[in-house]
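Visitor: What follows is structure_16.cif, made up of mmCIF, C-alpha atoms:
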```
data_protein
#
loop_
_atom_site.group_PDB
_atom_site.id
_atom_site.type_symbol
_atom_site.label_atom_id
_atom_site.label_comp_id
_atom_site.auth_asym_id
_atom_site.auth_seq_id
_atom_site.Cartn_x
_atom_site.Cartn_y
_atom_site.Cartn_z
ATOM 1 C CA MET V 1 69.758 -10.213 -10.484
ATOM 2 C CA ALA V 2 67.796 -8.792 -7.539
ATOM 3 C CA MET V 3 64.532 -9.670 -5.823
ATOM 4 C CA ALA V 4 62.853 -7.100 -3.594
ATOM 5 C CA VAL V 5 60.409 -7.554 -0.728
ATOM 6 C CA PRO V 6 57.781 -5.155 0.656
ATOM 7 C CA ASP V 7 59.250 -2.369 2.777
ATOM 8 C CA LEU V 8 58.200 -3.263 6.316
ATOM 9 C CA SER V 9 60.010 -0.274 7.814
ATOM 10 C CA VAL V 10 57.117 2.058 7.081
ATOM 11 C CA VAL V 11 55.018 2.090 10.232
ATOM 12 C CA GLU V 12 51.979 4.164 11.033
ATOM 13 C CA ARG V 13 53.284 7.149 12.947
ATOM 14 C CA SER V 14 50.017 8.206 14.501
ATOM 15 C CA VAL V 15 46.847 6.528 15.657
ATOM 16 C CA PRO V 16 43.932 7.596 13.441
ATOM 17 C CA THR V 17 41.351 9.690 15.202
ATOM 18 C CA ARG V 18 38.510 8.507 12.986
ATOM 19 C CA TYR V 19 37.505 4.939 12.167
ATOM 20 C CA GLU V 20 35.204 3.989 9.308
ATOM 21 C CA ILE V 21 32.661 1.451 10.562
ATOM 22 C CA VAL V 22 30.155 -0.512 8.463
ATOM 23 C CA LEU V 23 27.113 -1.546 10.474
ATOM 24 C CA VAL V 24 25.281 -4.487 8.890
ATOM 25 C CA GLU V 25 21.864 -4.587 10.528
ATOM 26 C CA ASP V 26 18.408 -5.124 9.019
ATOM 27 C CA ASP V 27 16.481 -3.826 12.053
ATOM 28 C CA ALA V 28 16.163 -0.035 12.068
ATOM 29 C CA GLY V 29 15.763 0.112 15.850
ATOM 30 C CA ASP V 30 18.896 -1.920 16.537
ATOM 31 C CA ALA V 31 20.811 0.102 13.949
ATOM 32 C CA LEU V 32 19.778 3.334 15.654
ATOM 33 C CA LEU V 33 20.897 1.941 19.011
ATOM 34 C CA ALA V 34 24.345 0.969 17.706
ATOM 35 C CA ARG V 35 24.833 4.317 15.987
ATOM 36 C CA GLU V 36 23.827 6.187 19.120
ATOM 37 C CA LEU V 37 26.202 4.140 21.262
ATOM 38 C CA LEU V 38 29.119 4.884 18.939
ATOM 39 C CA GLY V 39 27.943 8.449 18.402
ATOM 40 C CA THR V 40 28.593 9.315 22.048
ATOM 41 C CA HIS V 41 32.296 9.206 21.204
ATOM 42 C CA GLY V 42 32.092 12.193 18.893
ATOM 43 C CA ALA V 43 33.885 12.013 15.572
ATOM 44 C CA GLU V 44 35.941 8.941 16.421
ATOM 45 C CA PHE V 45 33.596 6.620 14.522
ATOM 46 C CA GLU V 46 32.062 7.248 11.109
ATOM 47 C CA VAL V 47 29.246 4.707 10.769
ATOM 48 C CA THR V 48 27.757 3.540 7.481
ATOM 49 C CA TRP V 49 24.557 1.553 7.944
ATOM 50 C CA VAL V 50 23.467 -1.151 5.482
ATOM 51 C CA ARG V 51 20.606 -3.634 5.787
ATOM 52 C CA SER V 52 21.889 -6.734 3.978
ATOM 53 C CA LEU V 53 25.001 -8.747 3.275
ATOM 54 C CA ALA V 54 24.901 -7.769 -0.402
ATOM 55 C CA ASP V 55 24.882 -4.083 0.542
ATOM 56 C CA ALA V 56 27.683 -4.697 3.036
ATOM 57 C CA VAL V 57 29.914 -6.214 0.364
ATOM 58 C CA GLU V 58 29.377 -3.069 -1.720
ATOM 59 C CA ALA V 59 29.986 -0.709 1.214
ATOM 60 C CA ILE V 60 33.132 -2.326 2.628
ATOM 61 C CA GLY V 61 36.289 -0.860 1.136
ATOM 62 C CA PRO V 62 39.996 -0.391 1.838
ATOM 63 C CA GLN V 63 39.280 2.327 4.421
ATOM 64 C CA THR V 64 36.794 0.229 6.389
ATOM 65 C CA ALA V 65 38.357 -0.400 9.781
ATOM 66 C CA CYS V 66 35.643 -2.559 11.332
ATOM 67 C CA VAL V 67 32.354 -4.267 10.478
ATOM 68 C CA LEU V 68 29.619 -4.675 13.074
ATOM 69 C CA LEU V 69 27.723 -7.680 11.769
ATOM 70 C CA ASP V 70 24.298 -8.965 12.715
ATOM 71 C CA LEU V 71 23.848 -12.669 11.990
ATOM 72 C CA GLY V 72 20.100 -12.503 11.384
ATOM 73 C CA LEU V 73 20.176 -10.861 7.956
ATOM 74 C CA PRO V 74 17.545 -11.444 5.256
ATOM 75 C CA ASP V 75 20.038 -12.723 2.683
ATOM 76 C CA THR V 76 22.189 -15.014 4.813
ATOM 77 C CA THR V 77 21.919 -17.688 7.477
ATOM 78 C CA ASP V 78 24.041 -18.814 10.387
ATOM 79 C CA LEU V 79 27.674 -17.717 9.868
ATOM 80 C CA GLU V 80 27.573 -17.392 6.066
ATOM 81 C CA GLY V 81 27.662 -13.603 6.277
ATOM 82 C CA LEU V 82 30.732 -13.684 8.492
ATOM 83 C CA GLU V 83 32.528 -16.054 6.125
ATOM 84 C CA THR V 84 31.710 -13.810 3.172
ATOM 85 C CA ILE V 85 33.040 -10.663 4.819
ATOM 86 C CA LEU V 86 36.166 -12.406 6.076
ATOM 87 C CA GLY V 87 36.794 -13.516 2.506
ATOM 88 C CA LEU V 88 36.868 -9.958 1.138
ATOM 89 C CA ALA V 89 40.191 -8.615 -0.083
ATOM 90 C CA SER V 90 40.132 -5.637 2.308
ATOM 91 C CA ARG V 91 39.783 -7.948 5.359
ATOM 92 C CA PRO V 92 38.528 -5.436 7.972
ATOM 93 C CA ALA V 93 38.085 -6.368 11.612
ATOM 94 C CA VAL V 94 34.700 -8.003 12.194
ATOM 95 C CA VAL V 95 32.702 -7.870 15.418
ATOM 96 C CA VAL V 96 29.558 -9.985 15.474
ATOM 97 C CA PHE V 97 26.863 -7.773 17.022
ATOM 98 C CA THR V 98 23.728 -9.814 17.290
ATOM 99 C CA GLY V 99 20.643 -10.510 19.348
ATOM 100 C CA PHE V 100 21.575 -14.166 19.763
ATOM 101 C CA ALA V 101 23.381 -14.505 23.097
ATOM 102 C CA ASP V 102 24.666 -17.944 22.165
ATOM 103 C CA ARG V 103 28.063 -18.892 23.582
ATOM 104 C CA VAL V 104 28.555 -21.718 21.069
ATOM 105 C CA SER V 105 27.821 -19.423 18.124
ATOM 106 C CA GLY V 106 30.197 -16.874 19.593
ATOM 107 C CA GLU V 107 32.980 -19.420 19.849
ATOM 108 C CA ARG V 108 32.349 -20.559 16.284
ATOM 109 C CA ALA V 109 32.394 -16.976 15.034
ATOM 110 C CA VAL V 110 35.694 -16.214 16.749
ATOM 111 C CA ALA V 111 37.158 -19.489 15.489
ATOM 112 C CA LEU V 112 36.275 -18.422 11.941
ATOM 113 C CA GLY V 113 38.069 -15.103 12.358
ATOM 114 C CA ALA V 114 35.721 -12.631 14.057
ATOM 115 C CA GLN V 115 37.484 -10.448 16.590
ATOM 116 C CA ASP V 116 34.612 -10.552 19.086
ATOM 117 C CA TYR V 117 30.990 -11.571 19.619
ATOM 118 C CA LEU V 118 28.585 -9.195 21.363
ATOM 119 C CA ALA V 119 24.953 -9.514 22.354
ATOM 120 C CA LYS V 120 23.092 -6.304 21.592
ATOM 121 C CA GLY V 121 21.392 -6.052 24.956
ATOM 122 C CA ALA V 122 24.569 -6.573 26.953
ATOM 123 C CA VAL V 123 26.664 -3.551 25.944
ATOM 124 C CA ASN V 124 26.827 0.153 26.647
ATOM 125 C CA ASP V 125 28.594 2.879 24.721
ATOM 126 C CA GLU V 126 31.950 2.395 26.479
ATOM 127 C CA THR V 127 31.900 -1.372 26.031
ATOM 128 C CA LEU V 128 31.043 -1.197 22.343
ATOM 129 C CA ALA V 129 33.622 1.492 21.602
ATOM 130 C CA ARG V 130 36.337 -0.415 23.466
ATOM 131 C CA VAL V 131 35.529 -3.675 21.671
ATOM 132 C CA VAL V 132 35.660 -1.927 18.295
ATOM 133 C CA ARG V 133 38.991 -0.253 19.070
ATOM 134 C CA TYR V 134 40.553 -3.491 20.297
ATOM 135 C CA ALA V 135 39.187 -5.407 17.306
ATOM 136 C CA ILE V 136 40.805 -2.944 14.915
ATOM 137 C CA ALA V 137 44.099 -3.090 16.804
ATOM 138 C CA ARG V 138 44.153 -6.905 16.836
ATOM 139 C CA ARG V 139 43.350 -7.067 13.129
ATOM 140 C CA ARG V 140 46.234 -4.744 12.339
ATOM 141 C CA VAL V 141 48.595 -6.828 14.442
ATOM 142 C CA GLU V 142 47.442 -9.951 12.584
ATOM 143 C CA GLU V 143 48.092 -8.268 9.241
ATOM 144 C CA SER V 144 51.548 -7.088 10.330
ATOM 145 C CA SER V 145 52.420 -10.582 11.551
ATOM 146 C CA LYS V 146 51.265 -12.047 8.254
ATOM 147 C CA ARG V 147 53.448 -9.635 6.302
ATOM 148 C CA LEU V 148 56.433 -10.464 8.505
ATOM 149 C CA ARG V 149 55.916 -14.203 7.956
ATOM 150 C CA GLU V 150 55.706 -13.641 4.215
ATOM 151 C CA ALA V 151 58.914 -11.585 4.321
ATOM 152 C CA GLU V 152 60.687 -14.366 6.229
ATOM 153 C CA LEU V 153 59.589 -16.905 3.617
ATOM 154 C CA ILE V 154 60.909 -14.640 0.856
ATOM 155 C CA ARG V 155 64.217 -14.236 2.695
ATOM 156 C CA ALA V 156 64.567 -18.004 3.081
ATOM 157 C CA GLU V 157 63.776 -18.572 -0.598
ATOM 158 C CA ASN V 158 66.204 -15.841 -1.645
ATOM 159 C CA ALA V 159 68.952 -17.417 0.448
ATOM 160 C CA ARG V 160 68.288 -20.767 -1.228
ATOM 161 C CA LEU V 161 68.402 -19.196 -4.690
ATOM 162 C CA GLU V 162 71.552 -17.301 -3.840
ATOM 163 C CA ARG V 163 73.286 -20.494 -2.710
ATOM 164 C CA GLY V 164 72.214 -22.063 -5.989
ATOM 165 C CA LEU V 165 73.930 -19.276 -7.937
ATOM 166 C CA LEU V 166 77.261 -19.877 -6.190
ATOM 167 C CA PRO V 167 79.516 -21.934 -8.426
ATOM 168 C CA HIS V 168 81.236 -25.127 -7.342
ATOM 169 C CA PRO V 169 84.216 -25.161 -9.685
ATOM 170 C CA ILE V 170 86.121 -28.331 -10.406
ATOM 171 C CA VAL V 171 89.615 -26.906 -10.308
ATOM 172 C CA VAL V 172 92.421 -29.072 -9.005
ATOM 173 C CA ASN V 173 95.250 -26.604 -8.481
ATOM 174 C CA PRO V 174 96.621 -25.732 -5.022
ATOM 175 C CA ALA V 175 98.023 -22.480 -6.427
ATOM 176 C CA LEU V 176 94.522 -21.127 -7.037
ATOM 177 C CA SER V 177 91.844 -19.991 -4.623
ATOM 178 C CA TRP V 178 88.615 -18.081 -5.072
ATOM 179 C CA ALA V 179 86.058 -16.168 -3.075
ATOM 180 C CA THR V 180 82.540 -14.997 -3.870
ATOM 181 C CA HIS V 181 80.330 -12.276 -2.450
ATOM 182 C CA TYR V 182 76.879 -11.058 -3.461
ATOM 183 C CA ARG V 183 75.654 -7.545 -2.833
ATOM 184 C CA ALA V 184 72.162 -6.679 -4.041
ATOM 185 C CA GLY V 185 72.013 -3.496 -6.078
ATOM 186 C CA ASP V 186 68.696 -2.294 -4.691
ATOM 187 C CA ARG V 187 68.362 -0.993 -1.116
ATOM 188 C CA ARG V 188 65.481 -3.350 -0.280
ATOM 189 C CA ALA V 189 66.604 -6.335 -2.325
ATOM 190 C CA LEU V 190 67.502 -9.499 -0.447
ATOM 191 C CA LEU V 191 68.890 -11.451 -3.376
ATOM 192 C CA GLY V 192 71.949 -10.495 -5.397
ATOM 193 C CA GLY V 193 74.330 -12.174 -7.773
ATOM 194 C CA ASP V 194 74.510 -13.631 -11.231
ATOM 195 C CA PHE V 195 75.407 -16.872 -12.945
ATOM 196 C CA PHE V 196 79.158 -17.388 -13.319
ATOM 197 C CA ASP V 197 81.737 -20.130 -13.017
ATOM 198 C CA PHE V 198 85.449 -20.860 -12.796
ATOM 199 C CA ILE V 199 87.093 -22.583 -15.722
ATOM 200 C CA GLU V 200 90.631 -23.932 -15.627
ATOM 201 C CA THR V 201 92.612 -23.463 -18.810
ATOM 202 C CA ALA V 202 96.182 -24.212 -19.802
#
```
As structure tokens, please, write out the structure in this file.

Guide:
Amino acid sequence: MAMAVPDLSVVERSVPTRYEIVLVEDDAGDALLARELLGTHGAEFEVTWVRSLADAVEAIGPQTACVLLDLGLPDTTDLEGLETILGLASRPAVVVFTGFADRVSGERAVALGAQDYLAKGAVNDETLARVVRYAIARRRVEESSKRLREAELIRAENARLERGLLPHPIVVNPALSWATHYRAGDRRALLGGDFFDFIETA
């Protein structure tokens, strides 16, 4: 019997030169500003602009590296949009990019899981690009840490199961001794062994 865990040895060997960004902004002027700020960095950022939370949910996919999210959308209020995006399976990095320069809202957004909180009028192209890059990097570190924790839990459970497979024979004979060893058959498996026991006969 063998139980495998995800191969954590595969690591990204190069930093991607292009990030897919979803900009969620209902104001055309603010959307143009954000796209121009990111556009000064050439082909590093590929920006998809949507006007509502519903459109954002459709646009965000596995390749989305970061979401720039305005809080004042027509189909959401307060931090509902942030909660919705953080609940998506793809879980991209989220930077709240809004016109509300509210420290309390920013703290609440970060506490919920946003990587950063930016006021639209307080950033330039370098600041926005740096925040987006760092947000993506932090999100990837979080995901790697989560996978490592899950792997540790699997290892601990496998060790418990393996100990449970070891027999505890009731053999009263000083002339006999026994030893057991498990070796998983698969390269990535952490659990090996089978059910067996020692039986004393005549």

Visitor: So that I can check the surroundings of Thr201 of chain V, please list as an MDAnalysis selection string every protein, DNA and RNA residue that reaches within 12 Å of it, counting all atoms listed in the file and ignoring chain neighbours fewer than 4 positions away.

Guide: chainID V and resid 170:173

Visitor: One number please: atom CA of Thr77 of chain V to atom CA of Glu20 of chain V, in Å, one decimal.

Guide: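 Between atom CA of Thr77 of chain V and atom CA of Glu20 of chain V the gap is 25.5 Å.
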
Visitor: Residues near Asp125 of chain V, anyone? I mean within 7 Å using only C-alpha atoms, not counting same-chain ones fewer than 4 positions away, as a list in words.

Guide: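 Here the qualifying residues turn out to be Leu37, Leu38, Thr40 and Ala129 of chain V.
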
Visitor: What does the distance from atom CA of Pro92 of chain V to atom CA of Ala65 of chain V come to in Å, to one decimal?

Guide: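 Distance reported for this atom pair: 5.4 Å.
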
Visitor: May I ask which of the residues V:Glu126, V:Asp75, V:Glu80, V:Glu157 is the closest one to Glu36 of chain V, counting all atoms listed in the file?

Guide: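 Closest to Glu36 of chain V of all the choices is V:Glu126.
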
Visitor: Name the residues captured by the PyMOL selection byres ((chain V and resi 30) around 10) when it is applied to the shown file; answer as a list in words.

Guide: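 Taken on the displayed file, the PyMOL selection byres ((chain V and resi 30) around 10) yields the residues Glu25, Asp26, Asp27, Ala28, Gly29, Ala31, Leu32, Leu33, Ala34, Arg35, Glu36, Asp70, Phe97, Thr98, Gly99, Lys120 and Gly121 of chain V.
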
Visitor: Give me, please, the distance in Å between atom CA of Val57 of chain V and atom CA of Ile85 of chain V, quoted to one decimal.

Guide: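 Separation between atom CA of Val57 of chain V and atom CA of Ile85 of chain V: 7.0 Å.
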
Visitor: Which residues match the PyMOL selection byres ((chain V and resi 22) around 10) in the file above, as a PyMOL selection string?

Guide: chain V and resi 19-21+23-25+45-50+56-57+59-61+64-69+92+94

Visitor: For Arg18 of chain V, which residue out of V:Leu71, V:Ala43, V:Ala151, V:Leu118 is the nearest one, using all atoms listed in the file?

Guide: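 Between V:Leu71, V:Ala43, V:Ala151, V:Leu118, the residue approaching Arg18 of chain V most closely is V:Ala43.
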
Visitor: Do a neighbour search on Ala137 of chain V at 9 Å with all atoms listed in the file, toss out local chain neighbours closer than 5 positions, and write the hits as a short mmCIF file (atom, residue, chain, number, x, y, z; two decimals) with C-alpha atoms, in the coordinates of the input.

Guide:
```
data_model
loop_
_atom_site.label_atom_id
_atom_site.label_comp_id
_atom_site.auth_asym_id
_atom_site.auth_seq_id
_atom_site.Cartn_x
_atom_site.Cartn_y
_atom_site.Cartn_z
CA ALA V 93 38.08 -6.37 11.61
CA VAL V 132 35.66 -1.93 18.30
CA GLU V 142 47.44 -9.95 12.58
#
```

Visitor: Compare V:Leu82, V:Arg91, V:Arg51, V:Arg147 by their minimum atom-to-atom distance to Tyr117 of chain V, counting only C-alpha atoms, and give me the closest one.

Guide: V:Leu82
